[in-house]
Protein chains: 2
Amino acid sequence: MNIMTKTIKVIVVNFLMLPMLVFMSCENHDNSVQSGTNSSSSHPSLIITKQGVRDIRANLGSIPVFDETLATAKAEVEAEMATGIDVPVPKDFSGGYTHEKHKKNFLVLQKAGVLYQILADEKYAKFVKEMLFAYAKLYPTLPPHPQTRSYARGKLFWQALNDANWLVYASQAYDCVYDYLTEDERAVLENDLFKPFADYISKESPQFYNRVHNHSTWGNVAVGMIALVIEDDSLLQTALYGLKVDNLTSDMKDNDGGFIKNKDGKAGFIANLEEPFSPDGYYTEGPYYQRYAMYPFLIFAQALHNKKPALHIFQHKDSVLLKAVDALINLSDADGDFFTLNDAQKGMSYYSSALVSAVDIAYYYGGNNPELLSIAEKQAKVTLDDAGLSVALAIKNGKAKPYQKNSIELSDGPNGADGAVGILRRENIELVFKYTAHGLSHGHFDKLSYLLFDEGKEVVQDYGLARFVNIEQKGGGNYLKENTTWAKQTVAHNTLVQNETSHFGGEYEVASKHHSEKYLFDIKNKDVQVASAKESNAYPGTELHRTMALIKDADYPNPFVLDIMRVSSEKANQYDLPFYYLGQIMQTSFEYSKLETPAILGASDGYQHLFKEAQAKSNGEMLQFNWLLKNKFYSYSAVTSNNDEIILARIGANDPKYNLRTDPTLIIRKKATKNTIFASVVESHGTYNPVSELAINAYSHIKNIEVVYDTKDYTGILIETKNDKSTVFVISNLSNDKDTEHKITINEKELVWKGPFTIKTL
Amino acid sequence: MNIMTKTIKVIVVNFLMLPMLVFMSCENHDNSVQSGTNSSSSHPSLIITKQGVRDIRANLGSIPVFDETLATAKAEVEAEMATGIDVPVPKDFSGGYTHEKHKKNFLVLQKAGVLYQILADEKYAKFVKEMLFAYAKLYPTLPPHPQTRSYARGKLFWQALNDANWLVYASQAYDCVYDYLTEDERAVLENDLFKPFADYISKESPQFYNRVHNHSTWGNVAVGMIALVIEDDSLLQTALYGLKVDNLTSDMKDNDGGFIKNKDGKAGFIANLEEPFSPDGYYTEGPYYQRYAMYPFLIFAQALHNKKPALHIFQHKDSVLLKAVDALINLSDADGDFFTLNDAQKGMSYYSSALVSAVDIAYYYGGNNPELLSIAEKQAKVTLDDAGLSVALAIKNGKAKPYQKNSIELSDGPNGADGAVGILRRENIELVFKYTAHGLSHGHFDKLSYLLFDEGKEVVQDYGLARFVNIEQKGGGNYLKENTTWAKQTVAHNTLVQNETSHFGGEYEVASKHHSEKYLFDIKNKDVQVASAKESNAYPGTELHRTMALIKDADYPNPFVLDIMRVSSEKANQYDLPFYYLGQIMQTSFEYSKLETPAILGASDGYQHLFKEAQAKSNGEMLQFNWLLKNKFYSYSAVTSNNDEIILARIGANDPKYNLRTDPTLIIRKKATKNTIFASVVESHGTYNPVSELAINAYSHIKNIEVVYDTKDYTGILIETKNDKSTVFVISNLSNDKDTEHKITINEKELVWKGPFTIKTL
């Protein structure tokens, strides 16, 4: 302590000499502390390392992104230091004071620890120490959290999940001040706080800890992180491989309706790494939860890399953790917002702090891909450790290259065999086609659904989740009941609903057993990119086969989407295909009649949340629907059959608390039909400028669409433009072999081609 | 011609010598042409002048904003030249091909003329000549436009208004190529095109031409511009002072329901300048139409300044045209979007080309106000003439200063005595309070209404117009019938509706006779800015007195709005006060019950377009309504009386063509009441970040609001914050004299103050 105080005085003398002096002061301090403690101790070593500290200090002041992040962290921590430490008795849900305070505390703890290492200013260590001691005093007195909603309550927070968050961050802080503390002080913290804390979220909460689920990942990592800091190998074993005894039964469910016990009895960090990630790095819950999970996965991997290099964690499962970072970036739109697959809040993006560490870690430990640097540049933040330093230095040295997001198929399932997400990209258009597995408890019943983006703006939307995360006014910031009754239901998505019943009867148990089947993902020809998949379990006895193509054609101002949904059933059904356009109706080719007042569309499976506003009957001609969104004109052109119903509806029925957004939809309904084809084209064709008041290309370029071939072997769709060009797209329904030759005759013209599809101008 | 060709060759030789050579070439050309024509001719002289051309050429290449605008114009004109001239037989409404083509043509004509002068390249003059001759060939063959909807049809366009637009621009083009043409060529153009064109929109369309209205302004200016080019003084007289004979009768109306004949029989440009502009430069139709009118007003003023300097047009009516430019900028939000008062489309802004010329002209002819330069910088465009050059040079020389938008009251009426718009500004908050005259045929029935903006985003909205300007799909891009049945009605605004009837019974004839009365506009104390006004004609027998204050108080994160609407009537009525918040409901202090399906709120006066979604009865306590808009939290806290009805409603009923936006509103309804006070506070208090998922300051800071004093003399409102600070605001209802002393007792405390209001912490 004495030496530390002295060196601080020296630092004040000459600011210009800071880096070197700081370095010296730390060495001195380390020595002094080490002499009084276990001589084998080597901290920090978890995330920021001793070598990292030396390198950072040597570069401080000349690495702009790092320096700015550091200045922000310093300001934030010092503001908290000025406010004074508050470790309140837990009481509130997310959004409430005690929740937000404890959350703020762990974030600040971690930052203060890092600041102590980087700036070698004892005040930060003192602050960490005092706050940890405040927790060590409070924690032993705490019963489970008074809010009882969660299937696994924490003590500081209403759910153990948040307690695990706390420990992941606090462990890092502890590692940074480890050598600053005396052995006695460490004994108090470990015995009164860290060990009981780890026990509570593991042994005492097996329903939380011993699963394959993002909750458990946090739990495993929390325990693993503190185990690495205090070098407790038996604790580390439970973190890596789960509890040996958990007394969980196979019928237990969490608050989201997800099963708790893994079907193969797997648990622990390694299982959580193997099971939910596909070989392509896709996380089965979807990008929103992947983003949430990335932080614990990567931070623990980083710690394991530093402390247990023999595990080769970054190389595990063919480097799946590093692939996951690229997968996640590819699962974002042009603005960096993640596609809302399954439960997902809109607006979450790769600007999230979880992605800052993910990108930095992937860069540092994953081969220095210069494209990651351009994402880091946009983030304008780095982690304050070895990885962040390497990114900041590389950016400074001009190594960044633009991140190229291309069309990509990301398989789902531990072995990549459980379907996939197909993303087709061309110019301003991004099409996301989902033919995955269910996605655990956050999955939606939306087999073969899709989303469409134009310049990063959602045009044909996925509703996302029904929740206002951390907004206390709305159900404590937690999932709202409309998430189950609306957001997860099939009719809330851009996919087919049979007999007003959700896929798999809306039953999670059933849905979890199945996945869609990839049929085709072909992006070789950039002008005609095709993804196709089949689903035969969502409605037993009915097969759905959807083919989506993103086509670039000089006759159209932008790439357009061709969508072919082929339905074959053993019996006659009602089929609804909703189309969740966003924006204002401009014009329709059909005459609709608006109801005097909206009527509730149905009784259950999400239909109870839709208001029918208007209806029309098809005369068998192509339906054309023209709308305006954010000063762009779009058209939806769809084949219809005589007497198809066209329903214009809006979300918001049976919503007593205004929990839902009142977004519109168009539904094509076919009654008493066994086999049919829904074929349509979506175009982004024009713009409106409210300043010049000029409307450009306000109309669709399409004159007609027709199903010109329809057998069990082939489906052929003819698209006729207003300048009289006819193009036919044919897909082979039974053979996706790329070398098989096909020959059929359409409109008296013989088409011959090789492979599963063809497109020809007639 | 020969000399011109030669000099062009010279120009090619050495690009670096361009400015000087171009200059020489032009001089030569001018001389050559002048020698073959009327020697007294001096063109161009209308907008761009001979001296201007010399100065521009001398600076070309070194004036960034000007150079960029020129390059854009060049690219645009050359693209049109490459496409070839098309002067189609008129057929379509706005948005349709012939309409848009003729519109494009006049814009390109004007630019090509200017390019000819600046770049001295004959190809532009040739292009202008050929297009004008195509028009001269077509025009004499044309009947009135085949679309018959307008009260004053044009020949090229469906309304004479657009024909006038054409002539305003074509006159400028003609001026630029005047000397390039032979006398014979000019004779053809003048006799076959310009003179009959001018006659058609004036003598032959008196209902269009001889009014005080923005349409007539365009008509007068069109005729005046061509009169100045061809130096026809008798034509100029009708432009300046109107037609002597018009045969208009006092019951004639235009398509908007506006009276055609001016009540004092005034007409012509000067009358149009005097009547609609207040001495503060406010244009009675509102900023959207002021923006539209600014171009003809200022372009003609510029032409008159150049050709008839003795008129001193810029000094007319105490320089009202120059003041109007500042008024208009002040009528825009922080992003430059105009406040939607009366008929107005959202998104129109000072980025409009009309404002580019307005700003440049005001700078050049109005004393070189450096704050205008910062607007010009944002516009990143200048006019390609003397004024634009002066702006570009000043920007280049670093003279720009930030434009300071402060709180301001802009009087309405020719003498400034017909009410006003009061704009209160503080930090991120802008409050627009409307107590004007009706605003001619584009006026809305919304006495004492208000709009609220936060960082340039509309928070408490005015609906604007029901029209999709120039979007052909929507009623030919013209006004929709819902503009009359909804947008103009009182209930579509944030002001009081008595007995479900619009102000003045929704009768334009009655509304036009009245205006609200300014009571108070006091912005001396920046922390308590107050605007107050009265309205006693909207509902005969009922007096409305609304006081709005924008208050900055350290206890609140942002300035908040206090709104006091005092109603006194001779008889009992139903009073509705709608509050058009934008965003999603988070929480309410009152229990509402949602209707199973929405019900139409009323039968007429706009109520037929509202769906009632939910209702509540007040228990007499303060109502608090908390909502989220674009990641910001807002609260509306309002005093209610026992049994007040609270209605949550949404626009969209009786809207068979989806012409309306489905925006929400909250209505406080008091039944069978004579005198009452609606008092409320609107706060912008918090933020949500969807990336960090942090909600900050999600709740109102207000614990209670109460009417603590209510006599005919004074109204006192008490505001209590959650940290137990009580503040009382008192307004004197009868004396707005700033020196009168007042003394009252509230809650046993004596308040003594001087002037119409006071605010005190109790």
# chains A, B, ... in the order shown; residues from 1 in each chain; ligands from 1

$ closest_atom_pairs --of "chain B" --to "chain A" --cutoff "8 Å" --atoms "only C-alpha atoms" --output "Markdown table"
| residue | atom | partner | partner_atom | distance |
| --- | --- | --- | --- | --- |
| B:Gly95 | CA | A:Ala695 | CA | 6.7 |
| B:Gln345 | CA | A:Pro690 | CA | 7.7 |
| B:Lys346 | CA | A:Pro690 | CA | 7.4 |
| B:Gly347 | CA | A:Pro690 | CA | 5.4 |
| B:Met348 | CA | A:Val691 | CA | 4.8 |
| B:Ser349 | CA | A:Val691 | CA | 6.3 |
| B:Tyr351 | CA | A:Val691 | CA | 6.8 |
| B:Ser352 | CA | A:Val691 | CA | 5.3 |
| B:Ser353 | CA | A:Ser692 | CA | 7.5 |
| B:Val469 | CA | A:Glu693 | CA | 6.4 |
| B:Asn470 | CA | A:Glu693 | CA | 6.4 |
| B:Ile471 | CA | A:Ala695 | CA | 6.0 |
| B:Gln473 | CA | A:Gln587 | CA | 5.8 |
| B:Lys474 | CA | A:Met586 | CA | 6.2 |
| B:Gln584 | CA | A:Arg661 | CA | 7.6 |
| B:Ile585 | CA | A:Tyr658 | CA | 6.3 |
| B:Met586 | CA | A:Gln473 | CA | 5.9 |
| B:Gln587 | CA | A:Gln473 | CA | 5.8 |
| B:Ser593 | CA | A:Pro656 | CA | 7.1 |
| B:Lys594 | CA | A:Pro656 | CA | 5.7 |
| B:Glu596 | CA | A:Asn654 | CA | 6.8 |
| B:Thr597 | CA | A:Pro598 | CA | 6.3 |
| B:Pro598 | CA | A:Thr597 | CA | 6.3 |
| B:Ala599 | CA | A:Thr597 | CA | 6.3 |
| B:Ile600 | CA | A:Thr597 | CA | 7.1 |
| B:Ala653 | CA | A:Thr597 | CA | 7.2 |
| B:Asn654 | CA | A:Glu596 | CA | 6.9 |
| B:Asp655 | CA | A:Lys594 | CA | 7.9 |
| B:Pro656 | CA | A:Lys594 | CA | 5.7 |
| B:Tyr658 | CA | A:Ile585 | CA | 6.3 |
| B:Asn659 | CA | A:Ile585 | CA | 7.9 |
| B:Arg661 | CA | A:Gln584 | CA | 7.6 |
| B:Pro690 | CA | A:Gly347 | CA | 5.4 |
| B:Val691 | CA | A:Met348 | CA | 4.8 |
| B:Ser692 | CA | A:Ser352 | CA | 6.3 |
| B:Glu693 | CA | A:Val469 | CA | 6.4 |
| B:Leu694 | CA | A:Asn470 | CA | 6.6 |
| B:Ala695 | CA | A:Ile471 | CA | 6.0 |
| B:Ala698 | CA | A:Ile471 | CA | 7.6 |

$ residues_around --residues "Phe560 in chain A" --least-positions-apart "6" --cutoff "6 Å" --atoms "only C-alpha atoms" --output "number ranges by chain"
A: 550-551, 682-683

$ write_last_selection --atoms "N, CA and C atoms" --output "compact mmCIF listing (two decimals), in the first residue's frame"
# COMPACT_ATOMS: atom_id res chain seq x y z
N LEU A 550 -34.62 -14.53 -55.49
CA LEU A 550 -34.32 -13.11 -55.57
C LEU A 550 -33.73 -12.88 -56.97
N ILE A 551 -34.47 -12.13 -57.78
CA ILE A 551 -34.14 -12.05 -59.20
C ILE A 551 -33.78 -10.63 -59.60
N VAL A 682 -42.84 -9.75 -54.99
CA VAL A 682 -42.76 -8.51 -54.22
C VAL A 682 -41.70 -7.62 -54.87
N GLU A 683 -42.12 -6.42 -55.21
CA GLU A 683 -41.20 -5.47 -55.86
C GLU A 683 -41.01 -4.22 -55.01

$ atom_distance --atom1 "CA of Thr495 in chain A" --atom2 "CA of Phe579 in chain A"
8.0 Å

$ residues_around --residues "Phe277 in chain B" --least-positions-apart "6" --cutoff "10 Å" --atoms "only C-alpha atoms" --output "compact mmCIF listing (two decimals) with all heavy atoms, in the first residue's frame"
# COMPACT_ATOMS: atom_id res chain seq x y z
N ALA B 271 -51.73 43.25 -54.40
CA ALA B 271 -52.77 42.88 -53.43
C ALA B 271 -52.43 41.54 -52.79
O ALA B 271 -52.60 41.34 -51.59
CB ALA B 271 -54.13 42.81 -54.12
N TYR B 283 -47.68 34.18 -43.56
CA TYR B 283 -48.60 34.05 -44.69
C TYR B 283 -49.82 33.30 -44.19
O TYR B 283 -49.70 32.21 -43.62
CB TYR B 283 -47.89 33.26 -45.78
CG TYR B 283 -48.60 33.14 -47.09
CD1 TYR B 283 -48.68 34.23 -47.97
CD2 TYR B 283 -49.14 31.92 -47.49
CE1 TYR B 283 -49.30 34.09 -49.20
CE2 TYR B 283 -49.76 31.78 -48.72
CZ TYR B 283 -49.85 32.87 -49.58
OH TYR B 283 -50.45 32.73 -50.80
N THR B 284 -50.98 33.87 -44.35
CA THR B 284 -52.17 33.41 -43.61
C THR B 284 -52.56 31.97 -43.89
O THR B 284 -53.22 31.33 -43.08
CB THR B 284 -53.35 34.38 -43.84
OG1 THR B 284 -54.37 34.09 -42.87
CG2 THR B 284 -53.92 34.24 -45.25
N GLU B 285 -52.15 31.41 -45.04
CA GLU B 285 -52.51 30.02 -45.31
C GLU B 285 -51.67 29.03 -44.50
O GLU B 285 -52.02 27.86 -44.41
CB GLU B 285 -52.39 29.72 -46.81
CG GLU B 285 -53.31 30.58 -47.66
CD GLU B 285 -53.38 30.15 -49.12
OE1 GLU B 285 -52.77 29.13 -49.47
OE2 GLU B 285 -54.06 30.83 -49.90
N GLN B 290 -47.11 28.87 -47.70
CA GLN B 290 -46.16 29.99 -47.78
C GLN B 290 -44.93 29.54 -48.56
O GLN B 290 -44.43 30.24 -49.43
CB GLN B 290 -45.77 30.46 -46.38
CG GLN B 290 -44.72 31.59 -46.41
CD GLN B 290 -44.66 32.38 -45.13
OE1 GLN B 290 -45.44 32.16 -44.21
NE2 GLN B 290 -43.74 33.32 -45.07
N LYS B 317 -44.16 47.38 -48.07
CA LYS B 317 -44.78 47.00 -46.79
C LYS B 317 -43.71 46.67 -45.74
O LYS B 317 -43.73 45.58 -45.14
CB LYS B 317 -45.73 45.82 -47.01
CG LYS B 317 -46.71 45.60 -45.85
CD LYS B 317 -47.70 44.48 -46.16
CE LYS B 317 -48.47 44.10 -44.90
NZ LYS B 317 -49.50 43.08 -45.16
N VAL B 320 -41.69 43.30 -46.27
CA VAL B 320 -42.41 42.10 -45.82
C VAL B 320 -41.92 40.83 -46.52
O VAL B 320 -41.90 39.76 -45.93
CB VAL B 320 -43.94 42.29 -45.97
CG1 VAL B 320 -44.36 42.27 -47.43
CG2 VAL B 320 -44.68 41.22 -45.17
N LEU B 321 -41.49 40.95 -47.78
CA LEU B 321 -41.05 39.75 -48.47
C LEU B 321 -39.78 39.18 -47.84
O LEU B 321 -39.61 37.96 -47.75
CB LEU B 321 -40.81 40.04 -49.96
CG LEU B 321 -42.06 40.02 -50.83
CD1 LEU B 321 -41.71 40.41 -52.27
CD2 LEU B 321 -42.74 38.65 -50.81
N LYS B 323 -38.89 39.70 -44.68
CA LYS B 323 -39.30 39.19 -43.37
C LYS B 323 -39.95 37.81 -43.49
O LYS B 323 -39.84 36.96 -42.60
CB LYS B 323 -40.30 40.13 -42.70
CG LYS B 323 -39.68 41.40 -42.16
CD LYS B 323 -40.76 42.22 -41.48
CE LYS B 323 -40.22 43.54 -40.99
NZ LYS B 323 -41.32 44.43 -40.55
N ALA B 324 -40.65 37.62 -44.60
CA ALA B 324 -41.37 36.36 -44.79
C ALA B 324 -40.41 35.18 -44.82
O ALA B 324 -40.76 34.08 -44.39
CB ALA B 324 -42.20 36.41 -46.07
N SER B 411 -47.55 37.49 -36.06
CA SER B 411 -48.92 37.95 -36.18
C SER B 411 -49.52 37.55 -37.51
O SER B 411 -48.82 37.32 -38.48
CB SER B 411 -48.97 39.47 -36.03
OG SER B 411 -48.26 40.05 -37.12
N ASP B 412 -50.83 37.43 -37.54
CA ASP B 412 -51.56 37.09 -38.76
C ASP B 412 -52.38 38.32 -39.18
O ASP B 412 -52.65 39.21 -38.37
CB ASP B 412 -52.47 35.88 -38.48
CG ASP B 412 -53.04 35.25 -39.76
OD1 ASP B 412 -52.63 35.65 -40.87
OD2 ASP B 412 -53.89 34.35 -39.63
N GLY B 413 -52.77 38.32 -40.46
CA GLY B 413 -53.61 39.41 -40.97
C GLY B 413 -52.81 40.51 -41.60
O GLY B 413 -51.67 40.77 -41.20
N PRO B 414 -53.39 41.18 -42.60
CA PRO B 414 -52.67 42.22 -43.35
C PRO B 414 -52.05 43.28 -42.44
O PRO B 414 -50.98 43.80 -42.72
CB PRO B 414 -53.74 42.83 -44.25
CG PRO B 414 -54.94 41.98 -44.16
CD PRO B 414 -54.77 40.99 -43.07
N ASN B 415 -52.73 43.56 -41.32
CA ASN B 415 -52.19 44.56 -40.40
C ASN B 415 -51.64 43.94 -39.12
O ASN B 415 -51.36 44.65 -38.16
CB ASN B 415 -53.28 45.57 -40.05
CG ASN B 415 -53.85 46.20 -41.32
OD1 ASN B 415 -53.11 46.65 -42.18
ND2 ASN B 415 -55.18 46.17 -41.45
N GLY B 416 -51.56 42.63 -39.11
CA GLY B 416 -51.02 41.96 -37.92
C GLY B 416 -51.99 41.94 -36.77
O GLY B 416 -51.60 41.67 -35.63

$ closest_residue --among "A:Ser42, A:Ser635, A:Ser589, A:Asn723" --to "Met622 in chain A" --atoms "only C-alpha atoms"
A:Ser589

$ atom_distance --atom1 "CA of Pro196 in chain B" --atom2 "CA of Ala136 in chain B"
10.0 Å

$ closest_residue --among "A:Pro90, A:Gly366, A:Gly506, A:Pro664" --to "Gln302 in chain A" --atoms "only C-alpha atoms"
A:Gly366

$ atom_distance --atom1 "CA of Val221 in chain A" --atom2 "CA of Glu274 in chain A"
14.7 Å

$ residues_around --residues "range 306-314 of chain A" --least-positions-apart "2" --cutoff "8 Å" --atoms "only C-alpha atoms" --output "ChimeraX atom specification"
/A:45-47,228,301-304,316,319-322,365-366

$ write_last_selection --atoms "N, CA, C and O atoms" --output "PDB file, in the first residue's frame"
ATOM      1  N   SER A  45      -5.367 -12.371 -15.172  1.00  0.00           N
ATOM      2  CA  SER A  45      -5.041 -13.400 -16.153  1.00  0.00           C
ATOM      3  C   SER A  45      -6.287 -13.956 -16.823  1.00  0.00           C
ATOM      4  O   SER A  45      -6.208 -14.839 -17.648  1.00  0.00           O
ATOM      5  N   LEU A  46      -7.430 -13.421 -16.438  1.00  0.00           N
ATOM      6  CA  LEU A  46      -8.685 -13.992 -16.916  1.00  0.00           C
ATOM      7  C   LEU A  46      -9.006 -13.447 -18.320  1.00  0.00           C
ATOM      8  O   LEU A  46      -9.080 -14.201 -19.284  1.00  0.00           O
ATOM      9  N   ILE A  47      -9.166 -12.155 -18.410  1.00  0.00           N
ATOM     10  CA  ILE A  47      -9.528 -11.516 -19.682  1.00  0.00           C
ATOM     11  C   ILE A  47      -8.411 -10.580 -20.106  1.00  0.00           C
ATOM     12  O   ILE A  47      -7.779 -10.754 -21.128  1.00  0.00           O
ATOM     13  N   LEU A 228     -12.184 -19.992 -12.370  1.00  0.00           N
ATOM     14  CA  LEU A 228     -10.865 -19.710 -12.941  1.00  0.00           C
ATOM     15  C   LEU A 228     -10.114 -18.677 -12.115  1.00  0.00           C
ATOM     16  O   LEU A 228      -8.893 -18.775 -11.935  1.00  0.00           O
ATOM     17  N   ALA A 301     -14.680 -18.256 -23.196  1.00  0.00           N
ATOM     18  CA  ALA A 301     -13.694 -18.873 -24.089  1.00  0.00           C
ATOM     19  C   ALA A 301     -12.364 -18.142 -23.967  1.00  0.00           C
ATOM     20  O   ALA A 301     -11.293 -18.754 -23.913  1.00  0.00           O
ATOM     21  N   GLN A 302     -12.454 -16.821 -23.899  1.00  0.00           N
ATOM     22  CA  GLN A 302     -11.251 -16.013 -23.752  1.00  0.00           C
ATOM     23  C   GLN A 302     -10.541 -16.366 -22.433  1.00  0.00           C
ATOM     24  O   GLN A 302      -9.320 -16.558 -22.405  1.00  0.00           O
ATOM     25  N   ALA A 303     -11.326 -16.495 -21.373  1.00  0.00           N
ATOM     26  CA  ALA A 303     -10.746 -16.846 -20.071  1.00  0.00           C
ATOM     27  C   ALA A 303     -10.138 -18.237 -20.114  1.00  0.00           C
ATOM     28  O   ALA A 303      -9.034 -18.470 -19.596  1.00  0.00           O
ATOM     29  N   LEU A 304     -10.840 -19.180 -20.741  1.00  0.00           N
ATOM     30  CA  LEU A 304     -10.312 -20.544 -20.836  1.00  0.00           C
ATOM     31  C   LEU A 304      -9.041 -20.568 -21.681  1.00  0.00           C
ATOM     32  O   LEU A 304      -8.084 -21.266 -21.371  1.00  0.00           O
ATOM     33  N   HIS A 316     -12.593 -25.593 -30.673  1.00  0.00           N
ATOM     34  CA  HIS A 316     -13.608 -26.607 -30.403  1.00  0.00           C
ATOM     35  C   HIS A 316     -14.676 -26.647 -31.498  1.00  0.00           C
ATOM     36  O   HIS A 316     -15.134 -25.606 -31.980  1.00  0.00           O
ATOM     37  N   SER A 319     -13.894 -24.692 -34.651  1.00  0.00           N
ATOM     38  CA  SER A 319     -13.896 -23.246 -34.404  1.00  0.00           C
ATOM     39  C   SER A 319     -15.298 -22.622 -34.467  1.00  0.00           C
ATOM     40  O   SER A 319     -15.479 -21.516 -34.970  1.00  0.00           O
ATOM     41  N   VAL A 320     -16.256 -23.313 -33.887  1.00  0.00           N
ATOM     42  CA  VAL A 320     -17.640 -22.850 -34.020  1.00  0.00           C
ATOM     43  C   VAL A 320     -17.875 -21.485 -33.365  1.00  0.00           C
ATOM     44  O   VAL A 320     -18.671 -20.685 -33.852  1.00  0.00           O
ATOM     45  N   LEU A 321     -17.159 -21.197 -32.296  1.00  0.00           N
ATOM     46  CA  LEU A 321     -17.395 -19.901 -31.634  1.00  0.00           C
ATOM     47  C   LEU A 321     -16.964 -18.745 -32.525  1.00  0.00           C
ATOM     48  O   LEU A 321     -17.595 -17.692 -32.543  1.00  0.00           O
ATOM     49  N   LEU A 322     -15.884 -18.949 -33.244  1.00  0.00           N
ATOM     50  CA  LEU A 322     -15.420 -17.885 -34.136  1.00  0.00           C
ATOM     51  C   LEU A 322     -16.360 -17.767 -35.345  1.00  0.00           C
ATOM     52  O   LEU A 322     -16.709 -16.672 -35.784  1.00  0.00           O
ATOM     53  N   TYR A 365      -8.492 -13.610 -31.674  1.00  0.00           N
ATOM     54  CA  TYR A 365      -8.228 -15.046 -31.528  1.00  0.00           C
ATOM     55  C   TYR A 365      -8.579 -15.822 -32.787  1.00  0.00           C
ATOM     56  O   TYR A 365      -8.406 -17.032 -32.831  1.00  0.00           O
ATOM     57  N   GLY A 366      -9.106 -15.124 -33.799  1.00  0.00           N
ATOM     58  CA  GLY A 366      -9.621 -15.846 -34.959  1.00  0.00           C
ATOM     59  C   GLY A 366      -8.933 -15.505 -36.262  1.00  0.00           C
ATOM     60  O   GLY A 366      -9.565 -15.577 -37.317  1.00  0.00           O
TER      61      GLY A 366
END

$ select_by_dssp --residues "range 116-158 of chain B" --states "helix (DSSP H, G or I)" --output "VMD selection string"
chain B and resid 116 to 119 122 to 141

$ residues_around --residues "Lys129 in chain B" --least-positions-apart "2" --cutoff "12 Å" --atoms "only C-alpha atoms" --output "MDAnalysis selection string"
chainID B and resid 85 109:110 112:113 116 122:127 131:136 170 173:182 185:186 188:189

$ residues_around --residues "range 383-397 of chain B" --least-positions-apart "6" --cutoff "8 Å" --atoms "only C-alpha atoms" --output "list of chain:residue names"
B:Ile47, B:Ile48, B:Thr49, B:Gly52, B:Val53, B:Asp55, B:Ile56, B:Ile63, B:Pro64, B:Val65, B:Phe66, B:Thr69, B:Leu70, B:Val114, B:Val356, B:Ser357, B:Asp360, B:Ile361, B:Tyr363, B:Tyr364, B:Tyr365, B:Leu373, B:Ala376, B:Glu377

$ residues_around --residues "range 758-762 of chain B" --least-positions-apart "2" --cutoff "7 Å" --atoms "only C-alpha atoms" --output "PDB file with C-alpha atoms, in the first residue's frame"
ATOM      1  CA  SER B 726     -45.196  22.415  -5.164  1.00  0.00           C
ATOM      2  CA  THR B 727     -45.299  25.114  -7.790  1.00  0.00           C
ATOM      3  CA  VAL B 728     -48.274  27.311  -8.547  1.00  0.00           C
ATOM      4  CA  PHE B 729     -48.874  29.070 -11.839  1.00  0.00           C
ATOM      5  CA  VAL B 730     -51.475  31.811 -11.875  1.00  0.00           C
ATOM      6  CA  ILE B 731     -52.795  33.718 -14.834  1.00  0.00           C
ATOM      7  CA  TRP B 753     -47.090  39.987  -8.391  1.00  0.00           C
TER       8      TRP B 753
END
